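Scroll down for the structure; my scribbles are underneath it.
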Amino acid sequence: MKADTKDLATLLNMQHIDMELIRARKKLAELPQRAQILEIRTKKQAVEEKQAKIAAMKKEADLAVARIKDEDGRLAARQAETQEKIDGSRGDYRSVEALTKDLGGIAKRRTTLEEDLSEANAKLVQISEVQSQITDALEKIVKQENVYVASFQKEGGGLGSGIASAEKKRSELAAALPADLLVEYEKIASRSGGIALARLVNGSCSVCRAAITEGKLLQVQAEAPLSTCPACKRMLVVGE
């Protein structure tokens, strides 16, 4: 594999950066705040769903109270009107009897509505209490979420900045390599977990640790300063 000393230095620098990037990306991916944020947001979603359901229940309870009050208001107006007719009947006993019966029915219905209203208001109070509890719980969850996010942004932001800086430096190094050498490096890195470069150390590959047989060793040394490991097929730096 053809490479001069300048290319070799560039490859070694790139390999160093690639190893740093692997470590930094792994650390970023494994930050505990990620799991904490995911967990708190799952909890938040569940509470928000409960909040939506209780809001719908409160809306229905409000409508029920409004319907009862509306009917009672109409009955109260009928009650007053009927009483006026009774008062103005002037001895029309049949009319008074019918109106009195109607008045009794109205009164009975209003009594039922009063009970219904009391029950509906009690339900509304209960729903409002639960709604308040859910709101308080959600506020606590949001505060905790903000703590986790701030912590992640602080620690993850530093890692992200370092990754961006390393990627920029890597791009500069890549641009300085011959195109065919860069393609080969990237291909090997892609299939080898990001580690494309190894060194010949005491007749063995520094990465896969495979010992290179005498015949292959002579060939590798003849291709110095850059050869290929016969075992793992990584680029093999030969010599200092």
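Numbering starts fresh at 1 for the residues of each chain in the structure tokens, the chains themselves are lettered A, B, ... in the order given, and ligands are numbered from 1 as they appear.
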Would you mind listing, for every residue of region 86-108 of chain A within 12 Å of region 65-80 of chain A, the two atoms forming the shortest contact and the distance between them in Å to one decimal, using only C-alpha atoms, sorted by chain and ascending residue number, as JSON lines?
{"residue": "A:Ile86", "atom": "CA", "partner": "A:Ala80", "partner_atom": "CA", "distance": 9.9}
{"residue": "A:Asp87", "atom": "CA", "partner": "A:Ala80", "partner_atom": "CA", "distance": 10.5}
{"residue": "A:Leu99", "atom": "CA", "partner": "A:Gln79", "partner_atom": "CA", "distance": 9.8}
{"residue": "A:Thr100", "atom": "CA", "partner": "A:Gln79", "partner_atom": "CA", "distance": 10.1}
{"residue": "A:Lys101", "atom": "CA", "partner": "A:Gln79", "partner_atom": "CA", "distance": 11.4}
{"residue": "A:Asp102", "atom": "CA", "partner": "A:Gln79", "partner_atom": "CA", "distance": 8.6}
{"residue": "A:Leu103", "atom": "CA", "partner": "A:Gln79", "partner_atom": "CA", "distance": 6.1}
{"residue": "A:Gly104", "atom": "CA", "partner": "A:Gln79", "partner_atom": "CA", "distance": 9.1}
{"residue": "A:Gly105", "atom": "CA", "partner": "A:Gln79", "partner_atom": "CA", "distance": 9.6}
{"residue": "A:Ile106", "atom": "CA", "partner": "A:Leu75", "partner_atom": "CA", "distance": 6.4}
{"residue": "A:Ala107", "atom": "CA", "partner": "A:Gln79", "partner_atom": "CA", "distance": 7.6}
{"residue": "A:Lys108", "atom": "CA", "partner": "A:Leu75", "partner_atom": "CA", "distance": 10.5}
**Q.** Near-region 185-202 of chain A list (7 Å; only C-alpha atoms; drop same-chain fewer than 4 positions) as JSON, numbers by chain
**A.** {"A": [15, 18, 181, 206, 207, 234, 235, 236, 237, 238]}
Given the selection you just returned, output its residues as a file containing N, CA and C atoms, formatted as a PDB file, in the first residue's frame.
ATOM      1  N   GLN A  15      -6.456   8.345  12.942  1.00  0.00           N
ATOM      2  CA  GLN A  15      -6.817   7.201  13.774  1.00  0.00           C
ATOM      3  C   GLN A  15      -6.977   7.615  15.231  1.00  0.00           C
ATOM      4  N   ASP A  18     -10.212   9.382  15.513  1.00  0.00           N
ATOM      5  CA  ASP A  18     -11.319   8.441  15.400  1.00  0.00           C
ATOM      6  C   ASP A  18     -11.546   7.681  16.710  1.00  0.00           C
ATOM      7  N   LEU A 181      -6.144   6.489  -0.862  1.00  0.00           N
ATOM      8  CA  LEU A 181      -5.744   6.090   0.488  1.00  0.00           C
ATOM      9  C   LEU A 181      -6.874   6.376   1.483  1.00  0.00           C
ATOM     10  N   SER A 206      -0.865  -5.049  16.380  1.00  0.00           N
ATOM     11  CA  SER A 206      -1.156  -4.443  17.682  1.00  0.00           C
ATOM     12  C   SER A 206      -2.644  -4.436  18.022  1.00  0.00           C
ATOM     13  N   VAL A 207      -3.511  -4.642  17.020  1.00  0.00           N
ATOM     14  CA  VAL A 207      -4.952  -4.610  17.274  1.00  0.00           C
ATOM     15  C   VAL A 207      -5.522  -6.017  17.438  1.00  0.00           C
ATOM     16  N   ARG A 234      -6.446  -4.927   8.528  1.00  0.00           N
ATOM     17  CA  ARG A 234      -6.291  -3.509   8.799  1.00  0.00           C
ATOM     18  C   ARG A 234      -5.005  -2.996   8.163  1.00  0.00           C
ATOM     19  N   MET A 235      -4.937  -1.671   7.988  1.00  0.00           N
ATOM     20  CA  MET A 235      -3.690  -1.049   7.575  1.00  0.00           C
ATOM     21  C   MET A 235      -2.674  -1.285   8.668  1.00  0.00           C
ATOM     22  N   LEU A 236      -1.466  -1.661   8.268  1.00  0.00           N
ATOM     23  CA  LEU A 236      -0.441  -2.001   9.250  1.00  0.00           C
ATOM     24  C   LEU A 236       0.764  -1.093   9.102  1.00  0.00           C
ATOM     25  N   VAL A 237       1.026  -0.298  10.138  1.00  0.00           N
ATOM     26  CA  VAL A 237       2.158   0.610  10.129  1.00  0.00           C
ATOM     27  C   VAL A 237       3.396  -0.202  10.487  1.00  0.00           C
ATOM     28  N   VAL A 238       4.370  -0.147   9.599  1.00  0.00           N
ATOM     29  CA  VAL A 238       5.613  -0.923   9.772  1.00  0.00           C
ATOM     30  C   VAL A 238       6.747   0.042  10.058  1.00  0.00           C
TER      31      VAL A 238
END
Q.
Using only C-alpha atoms, which protein or nucleic acid residues come within 12 Å of Ala175 (chain A)? Drop anything in the same chain fewer than 5 positions from it, and give the result as JSON, numbers by chain.
A. {"A": [7, 10, 11, 14, 168, 169, 170, 180, 181, 182, 183]}
Export N, CA and C atoms of the chosen residues as a PDB file, in the first residue's frame?
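In the end it all went to result34.pdb:
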ATOM      1  N   ASP A   7       1.805  11.102   4.677  1.00  0.00           N
ATOM      2  CA  ASP A   7       0.505  10.427   4.666  1.00  0.00           C
ATOM      3  C   ASP A   7       0.345   9.557   5.906  1.00  0.00           C
ATOM      4  N   THR A  10      -0.474  11.590   8.856  1.00  0.00           N
ATOM      5  CA  THR A  10      -1.876  12.020   8.759  1.00  0.00           C
ATOM      6  C   THR A  10      -2.821  10.893   9.161  1.00  0.00           C
ATOM      7  N   LEU A  11      -2.524   9.690   8.676  1.00  0.00           N
ATOM      8  CA  LEU A  11      -3.355   8.539   9.022  1.00  0.00           C
ATOM      9  C   LEU A  11      -3.331   8.253  10.528  1.00  0.00           C
ATOM     10  N   MET A  14      -5.396  10.814  12.225  1.00  0.00           N
ATOM     11  CA  MET A  14      -6.811  10.538  11.991  1.00  0.00           C
ATOM     12  C   MET A  14      -7.289   9.384  12.848  1.00  0.00           C
ATOM     13  N   LYS A 168     -14.271  18.278  12.829  1.00  0.00           N
ATOM     14  CA  LYS A 168     -13.713  19.308  11.942  1.00  0.00           C
ATOM     15  C   LYS A 168     -12.241  19.028  11.646  1.00  0.00           C
ATOM     16  N   LYS A 169     -11.486  18.702  12.707  1.00  0.00           N
ATOM     17  CA  LYS A 169     -10.072  18.390  12.539  1.00  0.00           C
ATOM     18  C   LYS A 169      -9.900  17.157  11.667  1.00  0.00           C
ATOM     19  N   ARG A 170     -10.773  16.175  11.851  1.00  0.00           N
ATOM     20  CA  ARG A 170     -10.704  14.952  11.046  1.00  0.00           C
ATOM     21  C   ARG A 170     -10.939  15.255   9.569  1.00  0.00           C
ATOM     22  N   ASP A 180      -7.367   7.780  -2.989  1.00  0.00           N
ATOM     23  CA  ASP A 180      -7.440   6.322  -2.904  1.00  0.00           C
ATOM     24  C   ASP A 180      -7.089   5.806  -1.516  1.00  0.00           C
ATOM     25  N   LEU A 181      -6.144   6.489  -0.862  1.00  0.00           N
ATOM     26  CA  LEU A 181      -5.744   6.090   0.488  1.00  0.00           C
ATOM     27  C   LEU A 181      -6.874   6.376   1.483  1.00  0.00           C
ATOM     28  N   LEU A 182      -7.525   7.506   1.307  1.00  0.00           N
ATOM     29  CA  LEU A 182      -8.657   7.858   2.184  1.00  0.00           C
ATOM     30  C   LEU A 182      -9.805   6.864   2.017  1.00  0.00           C
ATOM     31  N   VAL A 183     -10.122   6.512   0.775  1.00  0.00           N
ATOM     32  CA  VAL A 183     -11.197   5.547   0.507  1.00  0.00           C
ATOM     33  C   VAL A 183     -10.896   4.220   1.185  1.00  0.00           C
TER      34      VAL A 183
END
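Across the model, the gap from CA of Lys6 (chain A) to CA of Glu20 (chain A) is 21.3 Å.
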Q | Gap from CA of Lys85 (chain A) to CA of Glu97 (chain A) - Å, one decimal | A |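 These atoms are spaced 11.3 Å apart.
Contact shell of region 21-35 of chain A at 9 Å (only C-alpha atoms; same-chain neighbours under 6 positions omitted): Tyr148, Val149, Ser151, Phe152, Glu155, Gly156, Leu159, Gly160, Gly162, Ile163, Ala166, Glu167 and Gly194 of chain A.
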Report the closest atom pair, with its distance in Å rounded to one decimal, for each residue of region 103-155 of chain A that has an atom no farther than 7 Å from region 44-58 of chain A; count only C-alpha atoms, sort by chain and then rising residue number, and write it as a Markdown table.
| residue | atom | partner | partner_atom | distance |
| --- | --- | --- | --- | --- |
| A:Leu124 | CA | A:Lys58 | CA | 6.5 |
| A:Ile127 | CA | A:Lys58 | CA | 6.2 |
| A:Gln131 | CA | A:Ile54 | CA | 6.3 |
| A:Ile134 | CA | A:Gln51 | CA | 6.3 |
| A:Leu138 | CA | A:Val47 | CA | 6.6 |
| A:Ile141 | CA | A:Lys44 | CA | 6.4 |
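The coordinates place CA of Ile37 (chain A) at 10.4 Å from CA of Ala150 (chain A).
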Q. Using only C-alpha atoms, which residues sit within 9 Å of Lys2 (chain A) once same-chain residues fewer than 3 positions away are excluded, as JSON, numbers by chain?
A. {"A": [181, 223, 224, 225, 226, 227]}
Based on the selection just made, write all heavy atoms of those residues as a PDB file, in the first residue's frame.
ATOM      1  N   LEU A 181      -6.144   6.489  -0.862  1.00  0.00           N
ATOM      2  CA  LEU A 181      -5.744   6.090   0.488  1.00  0.00           C
ATOM      3  C   LEU A 181      -6.874   6.376   1.483  1.00  0.00           C
ATOM      4  O   LEU A 181      -7.144   5.574   2.384  1.00  0.00           O
ATOM      5  CB  LEU A 181      -4.468   6.834   0.895  1.00  0.00           C
ATOM      6  CG  LEU A 181      -3.748   6.339   2.156  1.00  0.00           C
ATOM      7  CD1 LEU A 181      -3.328   4.886   2.010  1.00  0.00           C
ATOM      8  CD2 LEU A 181      -2.521   7.216   2.437  1.00  0.00           C
ATOM      9  N   GLU A 223       6.899  -3.958   2.400  1.00  0.00           N
ATOM     10  CA  GLU A 223       5.910  -2.951   2.021  1.00  0.00           C
ATOM     11  C   GLU A 223       5.941  -1.729   2.925  1.00  0.00           C
ATOM     12  O   GLU A 223       5.114  -0.814   2.789  1.00  0.00           O
ATOM     13  CB  GLU A 223       4.503  -3.575   2.054  1.00  0.00           C
ATOM     14  CG  GLU A 223       4.295  -4.634   0.978  1.00  0.00           C
ATOM     15  CD  GLU A 223       2.970  -5.364   1.128  1.00  0.00           C
ATOM     16  OE1 GLU A 223       2.304  -5.170   2.180  1.00  0.00           O
ATOM     17  OE2 GLU A 223       2.590  -6.108   0.214  1.00  0.00           O
ATOM     18  N   ALA A 224       6.901  -1.705   3.870  1.00  0.00           N
ATOM     19  CA  ALA A 224       7.017  -0.572   4.788  1.00  0.00           C
ATOM     20  C   ALA A 224       7.036   0.750   4.000  1.00  0.00           C
ATOM     21  O   ALA A 224       7.527   0.805   2.880  1.00  0.00           O
ATOM     22  CB  ALA A 224       8.282  -0.726   5.621  1.00  0.00           C
ATOM     23  N   PRO A 225       6.445   1.815   4.561  1.00  0.00           N
ATOM     24  CA  PRO A 225       5.988   1.957   5.948  1.00  0.00           C
ATOM     25  C   PRO A 225       4.537   1.546   6.187  1.00  0.00           C
ATOM     26  O   PRO A 225       4.064   1.593   7.301  1.00  0.00           O
ATOM     27  CB  PRO A 225       6.149   3.453   6.195  1.00  0.00           C
ATOM     28  CG  PRO A 225       5.839   4.062   4.865  1.00  0.00           C
ATOM     29  CD  PRO A 225       6.398   3.113   3.850  1.00  0.00           C
ATOM     30  N   LEU A 226       3.797   1.126   5.121  1.00  0.00           N
ATOM     31  CA  LEU A 226       2.401   0.786   5.322  1.00  0.00           C
ATOM     32  C   LEU A 226       2.044  -0.490   4.578  1.00  0.00           C
ATOM     33  O   LEU A 226       2.179  -0.571   3.364  1.00  0.00           O
ATOM     34  CB  LEU A 226       1.489   1.929   4.839  1.00  0.00           C
ATOM     35  CG  LEU A 226       0.004   1.824   5.206  1.00  0.00           C
ATOM     36  CD1 LEU A 226      -0.190   1.853   6.709  1.00  0.00           C
ATOM     37  CD2 LEU A 226      -0.779   2.965   4.563  1.00  0.00           C
ATOM     38  N   SER A 227       1.581  -1.491   5.328  1.00  0.00           N
ATOM     39  CA  SER A 227       1.200  -2.764   4.729  1.00  0.00           C
ATOM     40  C   SER A 227      -0.215  -3.123   5.185  1.00  0.00           C
ATOM     41  O   SER A 227      -0.979  -2.248   5.599  1.00  0.00           O
ATOM     42  CB  SER A 227       2.208  -3.852   5.146  1.00  0.00           C
ATOM     43  OG  SER A 227       1.904  -5.076   4.505  1.00  0.00           O
TER      44      SER A 227
END
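Nearest to Val125 (chain A) of all the residues A:Ala164, A:Glu172, A:Ala61, A:Leu113 is A:Ala61, counting only C-alpha atoms.
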Q: Taking the DSSP assignment computed from this structure's backbone, write out as a PyMOL selection string all residues of chain A that belong to strand (DSSP E or B).
A: chain A and resi 197-201+204-205+211+226-228+235-237
Quick one: write out the picked residues with C-alpha atoms as a short mmCIF file (atom, residue, chain, number, x, y, z; two decimals), in the first residue's frame?
data_model
loop_
_atom_site.label_atom_id
_atom_site.label_comp_id
_atom_site.auth_asym_id
_atom_site.auth_seq_id
_atom_site.Cartn_x
_atom_site.Cartn_y
_atom_site.Cartn_z
CA LEU A 197 -4.92 1.30 11.58
CA ALA A 198 -2.64 -1.05 13.52
CA ARG A 199 1.09 -1.28 14.18
CA LEU A 200 3.55 -4.11 13.68
CA VAL A 201 4.85 -4.86 17.17
CA SER A 204 2.31 -9.21 15.63
CA CYS A 205 -0.60 -6.90 14.82
CA ALA A 211 1.34 -13.26 15.06
CA LEU A 226 2.40 0.79 5.32
CA SER A 227 1.20 -2.76 4.73
CA THR A 228 -1.86 -4.88 5.55
CA MET A 235 -3.69 -1.05 7.57
CA LEU A 236 -0.44 -2.00 9.25
CA VAL A 237 2.16 0.61 10.13
#
Q: Write out as JSON, numbers by chain all residues of region 41-212 of chain A that DSSP puts in helix (DSSP H, G or I) for this structure's backbone.
A: {"A": [41, 42, 43, 44, 45, 46, 47, 48, 49, 50, 51, 52, 53, 54, 55, 56, 57, 58, 59, 60, 61, 62, 63, 64, 65, 66, 67, 68, 69, 70, 71, 72, 73, 74, 75, 76, 77, 78, 79, 80, 81, 82, 83, 84, 85, 86, 87, 93, 94, 95, 96, 97, 98, 99, 100, 101, 102, 103, 104, 105, 106, 107, 108, 109, 110, 111, 112, 113, 114, 115, 116, 117, 118, 119, 120, 121, 122, 123, 124, 125, 126, 127, 128, 129, 130, 131, 132, 133, 134, 135, 136, 137, 138, 139, 140, 141, 142, 143, 144, 145, 146, 147, 148, 149, 150, 151, 152, 153, 154, 155, 156, 157, 158, 159, 160, 161, 162, 163, 164, 165, 166, 167, 168, 169, 170, 171, 172, 173, 174, 175, 179, 180, 181, 182, 183, 184, 185, 186, 187, 188, 189, 190, 191]}
